[in-house]
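J.: I am sharing query09.cif, which consists of mmCIF, C-alpha atoms:
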data_data
loop_
_atom_site.group_PDB
_atom_site.id
_atom_site.type_symbol
_atom_site.label_atom_id
_atom_site.label_comp_id
_atom_site.auth_asym_id
_atom_site.auth_seq_id
_atom_site.Cartn_x
_atom_site.Cartn_y
_atom_site.Cartn_z
ATOM 1 C CA MET A 901 12.515 -2.464 -38.997
ATOM 2 C CA VAL A 902 11.686 -4.420 -35.833
ATOM 3 C CA ASN A 903 13.710 -2.062 -33.669
ATOM 4 C CA THR A 904 11.993 0.951 -35.203
ATOM 5 C CA THR A 905 8.608 -0.562 -34.413
ATOM 6 C CA PHE A 906 9.646 -1.340 -30.832
ATOM 7 C CA ASP A 907 10.675 2.289 -30.341
ATOM 8 C CA TYR A 908 6.990 3.234 -30.435
ATOM 9 C CA LEU A 909 5.731 0.577 -28.009
ATOM 10 C CA HIS A 910 5.124 1.023 -24.287
ATOM 11 C CA VAL A 911 7.347 -1.219 -22.178
ATOM 12 C CA ASP A 912 4.270 -3.038 -20.844
ATOM 13 C CA THR A 913 3.365 -3.928 -24.439
ATOM 14 C CA LEU A 914 6.899 -5.189 -25.048
ATOM 15 C CA ILE A 915 6.696 -7.451 -21.996
ATOM 16 C CA ARG A 916 3.358 -8.862 -23.140
ATOM 17 C CA LEU A 917 4.725 -9.357 -26.651
ATOM 18 C CA ARG A 918 7.778 -11.300 -25.471
ATOM 19 C CA SER A 919 5.528 -13.738 -23.604
ATOM 20 C CA THR A 920 3.902 -14.873 -26.858
ATOM 21 C CA GLY A 921 6.778 -17.156 -27.817
ATOM 22 C CA PRO A 922 10.544 -17.729 -28.010
ATOM 23 C CA VAL A 923 11.044 -15.662 -31.158
ATOM 24 C CA ALA A 924 9.290 -12.606 -29.700
ATOM 25 C CA ASP A 925 11.203 -13.097 -26.450
ATOM 26 C CA LEU A 926 14.499 -13.100 -28.346
ATOM 27 C CA TYR A 927 13.639 -9.986 -30.370
ATOM 28 C CA VAL A 928 12.449 -7.979 -27.356
ATOM 29 C CA SER A 929 15.355 -8.996 -25.132
ATOM 30 C CA THR A 930 17.835 -8.160 -27.907
ATOM 31 C CA TYR A 931 16.203 -4.760 -28.372
ATOM 32 C CA LEU A 932 16.250 -3.915 -24.649
ATOM 33 C CA PHE A 933 19.785 -5.226 -24.147
ATOM 34 C CA LYS A 934 21.085 -3.148 -27.070
ATOM 35 C CA LYS A 935 19.499 -0.056 -25.537
ATOM 36 C CA LEU A 936 21.074 -0.854 -22.165
ATOM 37 C CA LEU A 937 24.522 -1.437 -23.684
ATOM 38 C CA GLY A 938 24.217 1.784 -25.670
ATOM 39 C CA VAL A 939 23.613 3.767 -22.478
ATOM 40 C CA LEU A 940 26.324 1.998 -20.467
ATOM 41 C CA ARG A 941 28.953 2.529 -23.178
ATOM 42 C CA ARG A 942 28.563 6.255 -22.623
ATOM 43 C CA PHE A 943 30.001 5.774 -19.123
ATOM 44 C CA VAL A 944 32.070 2.566 -18.961
ATOM 45 C CA GLU A 945 34.567 0.934 -21.307
ATOM 46 C CA ASN A 946 33.319 -2.615 -20.706
ATOM 47 C CA PRO A 947 29.556 -2.723 -20.036
ATOM 48 C CA TYR A 948 29.568 -6.531 -19.660
ATOM 49 C CA HIS A 949 32.106 -6.436 -16.825
ATOM 50 C CA PHE A 950 30.245 -3.508 -15.278
ATOM 51 C CA LEU A 951 27.006 -5.516 -15.255
ATOM 52 C CA ASP A 952 28.908 -8.322 -13.527
ATOM 53 C CA GLU A 953 30.057 -5.805 -10.903
ATOM 54 C CA LEU A 954 26.466 -4.647 -10.356
ATOM 55 C CA GLU A 955 25.300 -8.233 -9.967
ATOM 56 C CA ILE A 956 28.041 -9.124 -7.481
ATOM 57 C CA CYS A 957 27.357 -5.971 -5.458
ATOM 58 C CA CYS A 958 23.533 -6.249 -5.615
ATOM 59 C CA SER A 959 23.369 -2.781 -7.154
ATOM 60 C CA VAL A 960 21.001 -1.201 -9.683
ATOM 61 C CA ILE A 961 20.818 1.589 -12.245
ATOM 62 C CA SER A 962 18.188 4.299 -11.898
ATOM 63 C CA GLY A 963 17.723 7.939 -12.880
ATOM 64 C CA SER A 964 17.698 9.259 -16.436
ATOM 65 C CA SER A 965 19.772 6.331 -17.718
ATOM 66 C CA ALA A 966 17.085 3.849 -16.653
ATOM 67 C CA LEU A 967 14.409 6.091 -18.165
ATOM 68 C CA SER A 968 16.232 6.180 -21.494
ATOM 69 C CA VAL A 969 16.330 2.358 -21.614
ATOM 70 C CA LEU A 970 12.848 1.529 -20.335
ATOM 71 C CA PHE A 971 10.727 4.186 -22.025
ATOM 72 C CA ARG A 972 10.051 5.101 -25.624
ATOM 73 C CA HIS A 973 10.946 8.775 -25.133
ATOM 74 C CA SER A 974 14.377 9.495 -26.544
ATOM 75 C CA TRP A 975 16.888 11.568 -24.621
ATOM 76 C CA THR A 976 20.553 11.297 -23.808
ATOM 77 C CA PRO A 977 21.413 10.868 -20.102
ATOM 78 C CA ASP A 978 24.051 13.234 -18.738
ATOM 79 C CA ASP A 979 25.235 10.860 -16.027
ATOM 80 C CA LEU A 980 24.809 7.343 -14.697
ATOM 81 C CA ASP A 981 23.124 6.840 -11.299
ATOM 82 C CA VAL A 982 24.067 3.628 -9.503
ATOM 83 C CA TYR A 983 22.309 2.669 -6.249
ATOM 84 C CA THR A 984 24.128 0.316 -3.909
ATOM 85 C CA PRO A 985 23.370 -1.484 -0.637
ATOM 86 C CA ARG A 986 24.982 0.081 2.405
ATOM 87 C CA ASP A 987 27.737 -2.556 2.611
ATOM 88 C CA TYR A 988 28.785 -2.594 -1.082
ATOM 89 C CA PHE A 989 29.163 1.124 -1.708
ATOM 90 C CA TRP A 990 32.960 1.217 -1.588
ATOM 91 C CA HIS A 991 33.257 -1.919 -3.723
ATOM 92 C CA VAL A 992 31.450 -0.193 -6.609
ATOM 93 C CA VAL A 993 33.430 3.023 -6.094
ATOM 94 C CA ALA A 994 36.714 1.082 -6.141
ATOM 95 C CA TYR A 995 35.696 -0.689 -9.364
ATOM 96 C CA LEU A 996 34.994 2.596 -11.122
ATOM 97 C CA VAL A 997 38.281 4.123 -9.931
ATOM 98 C CA ASN A 998 40.572 1.150 -10.538
ATOM 99 C CA VAL A 999 38.949 -0.522 -13.548
ATOM 100 C CA GLU A 1000 37.109 2.275 -15.355
ATOM 101 C CA ASN A 1001 39.688 4.997 -14.587
ATOM 102 C CA TYR A 1002 37.408 7.499 -12.915
ATOM 103 C CA THR A 1003 40.087 9.784 -11.516
ATOM 104 C CA LYS A 1004 38.080 12.554 -9.827
ATOM 105 C CA PHE A 1005 36.168 11.646 -6.676
ATOM 106 C CA GLU A 1006 33.838 13.746 -4.499
ATOM 107 C CA LEU A 1007 31.823 12.581 -1.518
ATOM 108 C CA LEU A 1008 28.595 14.579 -1.471
ATOM 109 C CA SER A 1009 25.652 15.199 0.748
ATOM 110 C CA HIS A 1010 22.941 15.182 -1.904
ATOM 111 C CA PRO A 1011 19.421 16.066 -0.719
ATOM 112 C CA ASP A 1012 18.098 15.964 -4.294
ATOM 113 C CA TYR A 1013 18.084 12.193 -4.235
ATOM 114 C CA ASN A 1014 15.514 11.472 -1.594
ATOM 115 C CA ALA A 1015 12.945 12.796 0.818
ATOM 116 C CA TYR A 1016 13.148 10.613 3.913
ATOM 117 C CA GLY A 1017 16.843 10.472 4.813
ATOM 118 C CA THR A 1018 17.382 7.055 3.223
ATOM 119 C CA VAL A 1019 20.650 7.992 1.501
ATOM 120 C CA ARG A 1020 23.805 7.533 3.573
ATOM 121 C CA SER A 1021 26.228 9.134 1.109
ATOM 122 C CA VAL A 1022 26.771 9.903 -2.566
ATOM 123 C CA ALA A 1023 30.059 9.576 -4.438
ATOM 124 C CA ARG A 1024 30.369 11.609 -7.612
ATOM 125 C CA LEU A 1025 33.049 10.231 -9.903
ATOM 126 C CA SER A 1026 34.199 11.780 -13.150
ATOM 127 C CA ARG A 1027 36.797 11.260 -15.854
ATOM 128 C CA ALA A 1028 38.903 13.660 -17.841
ATOM 129 C CA ASP A 1029 36.689 13.049 -20.883
ATOM 130 C CA GLY A 1030 33.639 14.387 -19.007
ATOM 131 C CA ARG A 1031 31.918 11.100 -18.129
ATOM 132 C CA ARG A 1032 30.205 11.150 -14.725
ATOM 133 C CA VAL A 1033 28.790 8.463 -12.437
ATOM 134 C CA ASP A 1034 26.947 9.082 -9.159
ATOM 135 C CA VAL A 1035 27.091 6.145 -6.734
ATOM 136 C CA VAL A 1036 24.311 6.407 -4.156
ATOM 137 C CA GLN A 1037 24.720 4.481 -0.906
ATOM 138 C CA SER A 1038 21.474 3.284 0.648
ATOM 139 C CA ASP A 1039 21.024 3.665 4.389
ATOM 140 C CA SER A 1040 19.997 -0.004 4.424
ATOM 141 C CA ASN A 1041 21.100 -3.084 2.538
ATOM 142 C CA SER A 1042 18.274 -2.593 0.066
ATOM 143 C CA PRO A 1043 19.589 -0.505 -2.842
ATOM 144 C CA LEU A 1044 15.959 0.255 -3.715
ATOM 145 C CA LEU A 1045 15.148 2.251 -0.588
ATOM 146 C CA PRO A 1046 16.509 5.616 -1.812
ATOM 147 C CA ILE A 1047 14.687 5.169 -5.132
ATOM 148 C CA ALA A 1048 11.382 4.742 -3.285
ATOM 149 C CA SER A 1049 12.148 8.025 -1.505
ATOM 150 C CA PHE A 1050 12.874 10.152 -4.565
ATOM 151 C CA TRP A 1051 11.277 13.589 -4.616
ATOM 152 C CA ASN A 1052 9.152 12.789 -7.670
ATOM 153 C CA THR A 1053 7.714 9.684 -9.301
ATOM 154 C CA ALA A 1054 9.429 10.024 -12.695
ATOM 155 C CA VAL A 1055 12.543 8.040 -11.786
ATOM 156 C CA MET A 1056 11.076 5.519 -9.360
ATOM 157 C CA ASN A 1057 12.380 2.759 -11.625
ATOM 158 C CA TYR A 1058 15.449 0.550 -11.625
ATOM 159 C CA ILE A 1059 17.414 -1.818 -13.828
ATOM 160 C CA ALA A 1060 19.330 -4.706 -12.269
ATOM 161 C CA PRO A 1061 21.446 -7.108 -14.353
ATOM 162 C CA ASN A 1062 18.651 -9.713 -14.183
ATOM 163 C CA SER A 1063 15.494 -7.652 -13.742
ATOM 164 C CA PHE A 1064 13.848 -4.260 -13.958
ATOM 165 C CA CYS A 1065 10.877 -2.571 -12.311
ATOM 166 C CA ILE A 1066 8.846 0.553 -13.097
ATOM 167 C CA ALA A 1067 6.691 1.910 -10.276
ATOM 168 C CA TYR A 1068 4.521 4.353 -12.256
ATOM 169 C CA PRO A 1069 4.670 3.027 -15.836
ATOM 170 C CA HIS A 1070 1.701 4.785 -17.390
ATOM 171 C CA LEU A 1071 2.104 8.119 -15.597
ATOM 172 C CA THR A 1072 5.783 8.270 -16.562
ATOM 173 C CA ASP A 1073 5.096 7.203 -20.148
ATOM 174 C CA GLN A 1074 2.735 10.180 -20.381
ATOM 175 C CA LEU A 1075 5.633 12.414 -19.223
ATOM 176 C CA CYS A 1076 3.878 13.244 -15.965
ATOM 177 C CA ALA A 1077 5.400 13.204 -12.477
ATOM 178 C CA VAL A 1078 3.953 13.739 -9.008
ATOM 179 C CA THR A 1079 6.022 15.180 -6.172
ATOM 180 C CA THR A 1080 6.429 13.401 -2.852
ATOM 181 C CA ALA A 1081 4.804 15.053 0.157
ATOM 182 C CA ILE A 1082 6.802 15.318 3.369
ATOM 183 C CA SER A 1083 5.245 17.803 5.759
ATOM 184 C CA PRO A 1084 2.787 20.693 5.583
ATOM 185 C CA ALA A 1085 4.574 23.963 5.012
ATOM 186 C CA GLU A 1086 1.642 26.085 6.161
ATOM 187 C CA GLU A 1087 -2.047 25.929 6.945
ATOM 188 C CA ASP A 1088 -2.865 25.319 3.309
ATOM 189 C CA VAL A 1089 -1.496 21.777 3.221
ATOM 190 C CA SER A 1090 -2.481 21.342 -0.402
ATOM 191 C CA SER A 1091 0.710 23.176 -1.349
ATOM 192 C CA ALA A 1092 3.030 21.165 0.874
ATOM 193 C CA THR A 1093 5.420 19.003 -1.103
ATOM 194 C CA TYR A 1094 9.038 18.019 -1.042
ATOM 195 C CA PRO A 1095 10.588 21.024 0.741
ATOM 196 C CA LEU A 1096 12.685 23.583 -1.088
ATOM 197 C CA VAL A 1097 12.831 21.909 -4.483
ATOM 198 C CA ASP A 1098 15.570 23.642 -6.418
ATOM 199 C CA PRO A 1099 14.048 25.323 -9.511
ATOM 200 C CA ALA A 1100 16.951 23.856 -11.476
ATOM 201 C CA LEU A 1101 15.717 20.364 -10.551
ATOM 202 C CA LEU A 1102 12.230 21.148 -11.817
ATOM 203 C CA TYR A 1103 13.689 22.634 -14.977
ATOM 204 C CA LYS A 1104 15.747 19.473 -15.539
ATOM 205 C CA TYR A 1105 12.555 17.423 -15.836
ATOM 206 C CA GLU A 1106 10.466 20.065 -17.570
ATOM 207 C CA ALA A 1107 13.201 20.477 -20.179
ATOM 208 C CA ARG A 1108 12.752 16.790 -20.991
ATOM 209 C CA GLY A 1109 9.022 17.240 -21.430
ATOM 210 C CA PHE A 1110 7.760 16.266 -17.961
ATOM 211 C CA ALA A 1111 4.862 18.021 -16.285
ATOM 212 C CA VAL A 1112 5.610 17.961 -12.533
ATOM 213 C CA ARG A 1113 2.642 18.544 -10.213
ATOM 214 C CA THR A 1114 1.687 18.009 -6.587
ATOM 215 C CA ASP A 1115 -1.706 16.417 -7.236
ATOM 216 C CA HIS A 1116 -2.232 13.434 -9.531
ATOM 217 C CA LEU A 1117 -5.869 14.438 -10.086
ATOM 218 C CA SER A 1118 -4.933 17.754 -11.665
ATOM 219 C CA TRP A 1119 -4.448 16.137 -15.097
ATOM 220 C CA ALA A 1120 -7.764 14.275 -14.962
ATOM 221 C CA ARG A 1121 -9.615 17.393 -13.805
ATOM 222 C CA THR A 1122 -8.294 19.350 -16.761
ATOM 223 C CA ALA A 1123 -10.526 17.193 -18.964
ATOM 224 C CA ASP A 1124 -13.211 16.446 -16.372
ATOM 225 C CA PRO A 1125 -13.543 18.861 -13.416
ATOM 226 C CA SER A 1126 -15.631 16.290 -11.539
ATOM 227 C CA ALA A 1127 -12.917 13.573 -11.658
ATOM 228 C CA VAL A 1128 -12.340 11.892 -8.302
ATOM 229 C CA CYS A 1129 -9.654 9.683 -6.792
ATOM 230 C CA LEU A 1130 -10.149 5.986 -7.531
ATOM 231 C CA GLY A 1131 -9.474 5.101 -3.899
ATOM 232 C CA MET A 1132 -6.802 3.475 -1.786
ATOM 233 C CA ASP A 1133 -6.373 0.631 -4.252
ATOM 234 C CA SER A 1134 -5.205 2.997 -6.985
ATOM 235 C CA PRO A 1135 -1.479 3.492 -7.605
ATOM 236 C CA LEU A 1136 -1.408 7.248 -7.008
ATOM 237 C CA CYS A 1137 -3.649 7.620 -3.946
ATOM 238 C CA PRO A 1138 -1.616 9.303 -1.151
ATOM 239 C CA LEU A 1139 -2.753 6.501 1.193
ATOM 240 C CA THR A 1140 -1.827 3.539 -1.006
ATOM 241 C CA MET A 1141 1.101 1.500 0.300
ATOM 242 C CA ARG A 1142 3.234 0.561 -2.702
ATOM 243 C CA TYR A 1143 6.287 -1.618 -3.142
ATOM 244 C CA PHE A 1144 8.603 -2.508 -6.011
ATOM 245 C CA GLY A 1145 7.054 -5.573 -7.596
ATOM 246 C CA ASP A 1146 3.428 -4.874 -6.678
ATOM 247 C CA ARG A 1147 0.610 -5.254 -9.217
ATOM 248 C CA HIS A 1148 0.805 -1.597 -10.255
ATOM 249 C CA CYS A 1149 4.420 -1.993 -11.388
ATOM 250 C CA VAL A 1150 5.694 -3.243 -14.711
ATOM 251 C CA THR A 1151 8.433 -5.790 -14.048
ATOM 252 C CA GLY A 1152 10.531 -7.957 -16.298
ATOM 253 C CA SER A 1153 14.048 -8.827 -17.339
ATOM 254 C CA ILE A 1154 16.427 -7.367 -19.864
ATOM 255 C CA PRO A 1155 17.983 -10.768 -20.811
ATOM 256 C CA SER A 1156 15.970 -13.318 -22.726
ATOM 257 C CA VAL A 1157 13.577 -15.313 -20.546
ATOM 258 C CA ARG A 1158 14.380 -18.503 -22.451
ATOM 259 C CA GLY A 1159 17.914 -19.783 -22.752
ATOM 260 C CA ARG A 1160 19.625 -17.115 -20.647
ATOM 261 C CA ARG A 1161 22.599 -17.990 -18.519
ATOM 262 C CA ALA A 1162 21.999 -19.285 -15.017
ATOM 263 C CA ARG A 1163 21.676 -16.595 -12.381
ATOM 264 C CA ARG A 1164 24.892 -16.099 -10.440
ATOM 265 C CA SER A 1165 24.793 -17.809 -7.041
ATOM 266 C CA LEU A 1166 25.270 -15.080 -4.409
ATOM 267 C CA THR A 1167 25.587 -15.578 -0.676
ATOM 268 C CA LYS A 1168 23.461 -12.463 -0.293
ATOM 269 C CA ASP A 1169 21.276 -11.136 -3.094
ATOM 270 C CA PHE A 1170 19.808 -7.966 -1.634
ATOM 271 C CA VAL A 1171 17.853 -7.050 -4.789
ATOM 272 C CA LYS A 1172 16.128 -10.437 -4.736
ATOM 273 C CA GLU A 1173 15.683 -10.584 -0.948
ATOM 274 C CA TYR A 1174 14.480 -7.045 -0.224
ATOM 275 C CA THR A 1175 12.102 -4.538 -1.735
ATOM 276 C CA ALA A 1176 11.181 -1.008 -0.710
ATOM 277 C CA VAL A 1177 7.736 0.000 0.523
ATOM 278 C CA TRP A 1178 6.380 3.547 0.340
ATOM 279 C CA TRP A 1179 3.266 5.648 0.452
ATOM 280 C CA LYS A 1180 3.399 8.954 -1.375
ATOM 281 C CA GLY A 1181 1.475 11.054 1.115
ATOM 282 C CA GLY A 1182 -0.121 14.416 0.502
ATOM 283 C CA LYS A 1183 -3.635 15.770 0.347
ATOM 284 C CA THR A 1184 -6.337 13.123 0.692
ATOM 285 C CA CYS A 1185 -9.989 13.230 -0.219
ATOM 286 C CA GLY A 1186 -10.751 13.950 3.445
ATOM 287 C CA GLY A 1187 -14.010 13.108 5.157
ATOM 288 C CA GLU A 1188 -14.539 9.353 5.253
ATOM 289 C CA CYS A 1189 -11.405 8.570 3.226
ATOM 290 C CA ALA A 1190 -9.851 5.905 5.489
ATOM 291 C CA LYS A 1191 -10.456 8.261 8.421
ATOM 292 C CA ALA A 1192 -7.183 9.899 7.466
ATOM 293 C CA GLY A 1193 -8.345 13.492 7.455
ATOM 294 C CA SER A 1194 -7.071 15.887 4.802
ATOM 295 C CA TRP A 1195 -3.354 15.172 5.002
ATOM 296 C CA ILE A 1196 -0.985 12.238 5.393
ATOM 297 C CA TYR A 1197 2.782 12.254 5.551
ATOM 298 C CA GLY A 1198 4.657 10.085 3.071
ATOM 299 C CA SER A 1199 7.311 7.601 4.116
ATOM 300 C CA SER A 1200 9.273 4.518 3.006
ATOM 301 C CA TYR A 1201 11.138 1.540 4.411
ATOM 302 C CA SER A 1202 12.882 -1.622 3.216
ATOM 303 C CA CYS A 1203 11.140 -4.958 3.622
ATOM 304 C CA ALA A 1204 11.733 -8.641 2.864
ATOM 305 C CA ARG A 1205 10.050 -9.685 -0.377
ATOM 306 C CA THR A 1206 8.849 -12.905 1.258
ATOM 307 C CA LEU A 1207 6.261 -10.868 3.168
ATOM 308 C CA PHE A 1208 4.415 -10.117 -0.053
ATOM 309 C CA THR A 1209 2.513 -12.449 -2.342
ATOM 310 C CA PRO A 1210 2.404 -11.650 -6.080
ATOM 311 C CA ASP A 1211 -1.128 -10.235 -5.790
ATOM 312 C CA SER A 1212 -0.605 -8.530 -2.432
ATOM 313 C CA LYS A 1213 -2.273 -5.160 -2.087
ATOM 314 C CA CYS A 1214 0.240 -4.222 0.600
#
Using structure tokens, write down the structure from this file.
T.:
Amino acid sequence: MVNTTFDYLHVDTLIRLRSTGPVADLYVSTYLFKKLLGVLRRFVENPYHFLDELEICCSVISGSSALSVLFRHSWTPDDLDVYTPRDYFWHVVAYLVNVENYTKFELLSHPDYNAYGTVRSVARLSRADGRRVDVVQSDSNSPLLPIASFWNTAVMNYIAPNSFCIAYPHLTDQLCAVTTAISPAEEDVSSATYPLVDPALLYKYEARGFAVRTDHLSWARTADPSAVCLGMDSPLCPLTMRYFGDRHCVTGSIPSVRGRRARRSLTKDFVKEYTAVWWKGGKTCGGECAKAGSWIYGSSYSCARTLFTPDSKC
């Protein structure tokens, strides 16, 4: 009965609920961990050992698998997307080949994953039984950088063995996604978005109920034509500099906060040490809006977490 109730709650509500006491913390962590194990068992024989591999290699899960764990919308992921630091890519690939018996291996150039050239390579591994894992190698030692550069906001989320982060929690929960703007395709810059988006990619998200648009105000203006941007401090303003862990994100942990095992001591913990910073870019309000004119290019980069305070506005 508890699990059924949790299925209807936004992840932000679950995080607030678990903070009310040890019993709530235990129930919520058990619920989230069961969801995570259920997804991982679709792709690996031993999800516990696989989580150890992710922790050792400072790697994270993103894509539709992370969405299926973190959000209350039910769907079945077709593959598992693993994002690795530049230097641990082959370690994760070798684990999947030698431990999880992924026998087919392809090294891809995969422009679908990002918009700013922050992916070095992608390994697509598959098994005879049809399971598939994509291992995405970051161009830096932050595994989060390619996620911050994804072509739409729906999967700008990640799950690490000891933490998770959702960049656009309320927009994504409403099954809405905004595309990332790169460069103006023509004089009418309002239509410039991630270049040459494959219609099959759009269909993939629309088939799961997402509305994908170029302008975050389009939903608000459907109800109120006079709706305006809330300014540079709002999460979806093209000018707002965001980072994983900022005050617009929902962050937490899958394991229980109380009584969980001690965090593994790593010489380098790139998930803990680095975050990714981005600004979405696109059409601005123009005029006096930060003197930015009518258009700003989006971009992203990796950055040490120590540069940001918990309430930093970036």
J.: For Ser1156 of chain A, which residue among A:Pro1099, A:Pro922, A:Pro985, A:Pro977 is the nearest when counting all atoms listed in the file?
T.: A:Pro922
J.: Pick out the closest residue to Ala1204 of chain A from this set: A:Leu1101, A:Val993, A:Leu1045, A:Val1022. Count only C-alpha atoms.
T.: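 Among the listed residues, the smallest separation from Ala1204 of chain A belongs to A:Leu1045.
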J.: Could you tell me, as a PDB file with C-alpha atoms, in the coordinates of the input, which residues have any atom at most 6 Å from (0.0, 15.8, -2.6), counting only C-alpha atoms?
T.:
ATOM      1  CA  ALA A1081       4.804  15.053   0.157  1.00  0.00           C
ATOM      2  CA  THR A1114       1.687  18.009  -6.587  1.00  0.00           C
ATOM      3  CA  ASP A1115      -1.706  16.417  -7.236  1.00  0.00           C
ATOM      4  CA  GLY A1182      -0.121  14.416   0.502  1.00  0.00           C
ATOM      5  CA  LYS A1183      -3.635  15.770   0.347  1.00  0.00           C
TER       6      LYS A1183
END
J.: To one decimal in Å, tell me the separation between atom CA of Pro1138 of chain A and atom CA of Thr1079 of chain A.
T.: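 Between these atoms lies a distance of 10.9 Å.
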J.: Could you tell me, as an mmCIF file with C-alpha atoms, keeping the file's coordinate frame, which residues have any atom at most 10 Å from (-6.2, 9.7, -15.5), counting all atoms listed in the file?
T.:
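Resulting contents of out16.cif:
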data_model
loop_
_atom_site.group_PDB
_atom_site.id
_atom_site.type_symbol
_atom_site.label_atom_id
_atom_site.label_comp_id
_atom_site.auth_asym_id
_atom_site.auth_seq_id
_atom_site.Cartn_x
_atom_site.Cartn_y
_atom_site.Cartn_z
ATOM 1 C CA HIS A 1070 1.701 4.785 -17.390
ATOM 2 C CA LEU A 1071 2.104 8.119 -15.597
ATOM 3 C CA HIS A 1116 -2.232 13.434 -9.531
ATOM 4 C CA LEU A 1117 -5.869 14.438 -10.086
ATOM 5 C CA SER A 1118 -4.933 17.754 -11.665
ATOM 6 C CA TRP A 1119 -4.448 16.137 -15.097
ATOM 7 C CA ALA A 1120 -7.764 14.275 -14.962
ATOM 8 C CA ARG A 1121 -9.615 17.393 -13.805
ATOM 9 C CA THR A 1122 -8.294 19.350 -16.761
ATOM 10 C CA ALA A 1123 -10.526 17.193 -18.964
ATOM 11 C CA ASP A 1124 -13.211 16.446 -16.372
ATOM 12 C CA ALA A 1127 -12.917 13.573 -11.658
ATOM 13 C CA VAL A 1128 -12.340 11.892 -8.302
ATOM 14 C CA CYS A 1129 -9.654 9.683 -6.792
ATOM 15 C CA LEU A 1130 -10.149 5.986 -7.531
#
J.: Restricting the calculation to only C-alpha atoms, which member of A:Val999, A:Gly1109, A:Ile1066, A:Arg941 is positioned closest to Arg1031 of chain A?
T.: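 Among A:Val999, A:Gly1109, A:Ile1066, A:Arg941, it is A:Arg941 that comes nearest to Arg1031 of chain A.
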J.: Carefully work through the PyMOL selection byres ((chain A and resi 1058) around 6) for this structure and note down the residues it includes, as a ChimeraX atom specification.
T.: /A:961-962,1057,1059,1064-1065
J.: List the residues matched by the PyMOL selection byres ((chain A and resi 950-955) around 9) in the displayed structure as a list of chain:residue names, ordered by chain and then by residue number.
T.: A:Leu940, A:Val944, A:Glu945, A:Asn946, A:Pro947, A:Tyr948, A:His949, A:Ile956, A:Cys957, A:Cys958, A:Ser959, A:Val960, A:Ile961, A:Val982, A:Thr984, A:His991, A:Val992, A:Tyr995, A:Leu996, A:Glu1000, A:Ala1060, A:Pro1061, A:Asn1062, A:Arg1164, A:Leu1166, A:Asp1169
J.: Could you give me the centre and size, in Å to one decimal, of an axis-aligned box around all listed atoms of segment 1000-1008 of chain A with 4 Å added on every side, as JSON?
T.:
{"center_x": 34.3, "center_y": 8.4, "center_z": -8.4, "size_x": 19.5, "size_y": 20.3, "size_z": 21.9}
J.: Of the candidates A:Val911, A:Cys1149, A:Leu1025, A:Val928, which shows the shortest atom-to-atom distance to Leu970 of chain A, using all atoms listed in the file?
T.: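 For Leu970 of chain A, the nearest of the candidates is A:Val911.
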J.: Could you list the residues chosen by the PyMOL selection byres ((chain A and resi 1143) around 12) in this structure as a count of residues only?
T.: 45
J.: When you count only C-alpha atoms, which of these residues is closest to Asp912 of chain A: A:Tyr931, A:Tyr1103, A:Phe971, A:Phe943?
T.: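 Using only C-alpha atoms, the shortest distance to Asp912 of chain A belongs to A:Phe971.
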J.: Could you tell me how far atom CA of Asp981 of chain A sits from atom CA of Leu914 of chain A, in Å to one decimal place?
T.: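 Separation of atom CA of Leu914 of chain A and atom CA of Asp981 of chain A: 24.4 Å.
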J.: Mind checking which residues fall within 8 Å of Pro1155 of chain A, counting all atoms listed in the file, ignoring those fewer than 5 positions away in the same chain, and posting them as a list in words?
T.: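 After dropping sequence-adjacent residues, the list is Ser929, Thr930, Phe933, Asn1062 and Arg1160 of chain A.
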J.: What is the distance between atom CA of Arg1113 of chain A and atom CA of Asp979 of chain A, in Å to one decimal?
T.: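 Rounded to one decimal, the two atoms are 24.6 Å apart.
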J.: Using all atoms listed in the file, find the one residue out of A:Glu1006, A:Asp907, A:Asp1029, A:Asp1073 that sits nearest to Val1055 of chain A.
T.: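 Nearest candidate to Val1055 of chain A out of A:Glu1006, A:Asp907, A:Asp1029, A:Asp1073: A:Asp1073.
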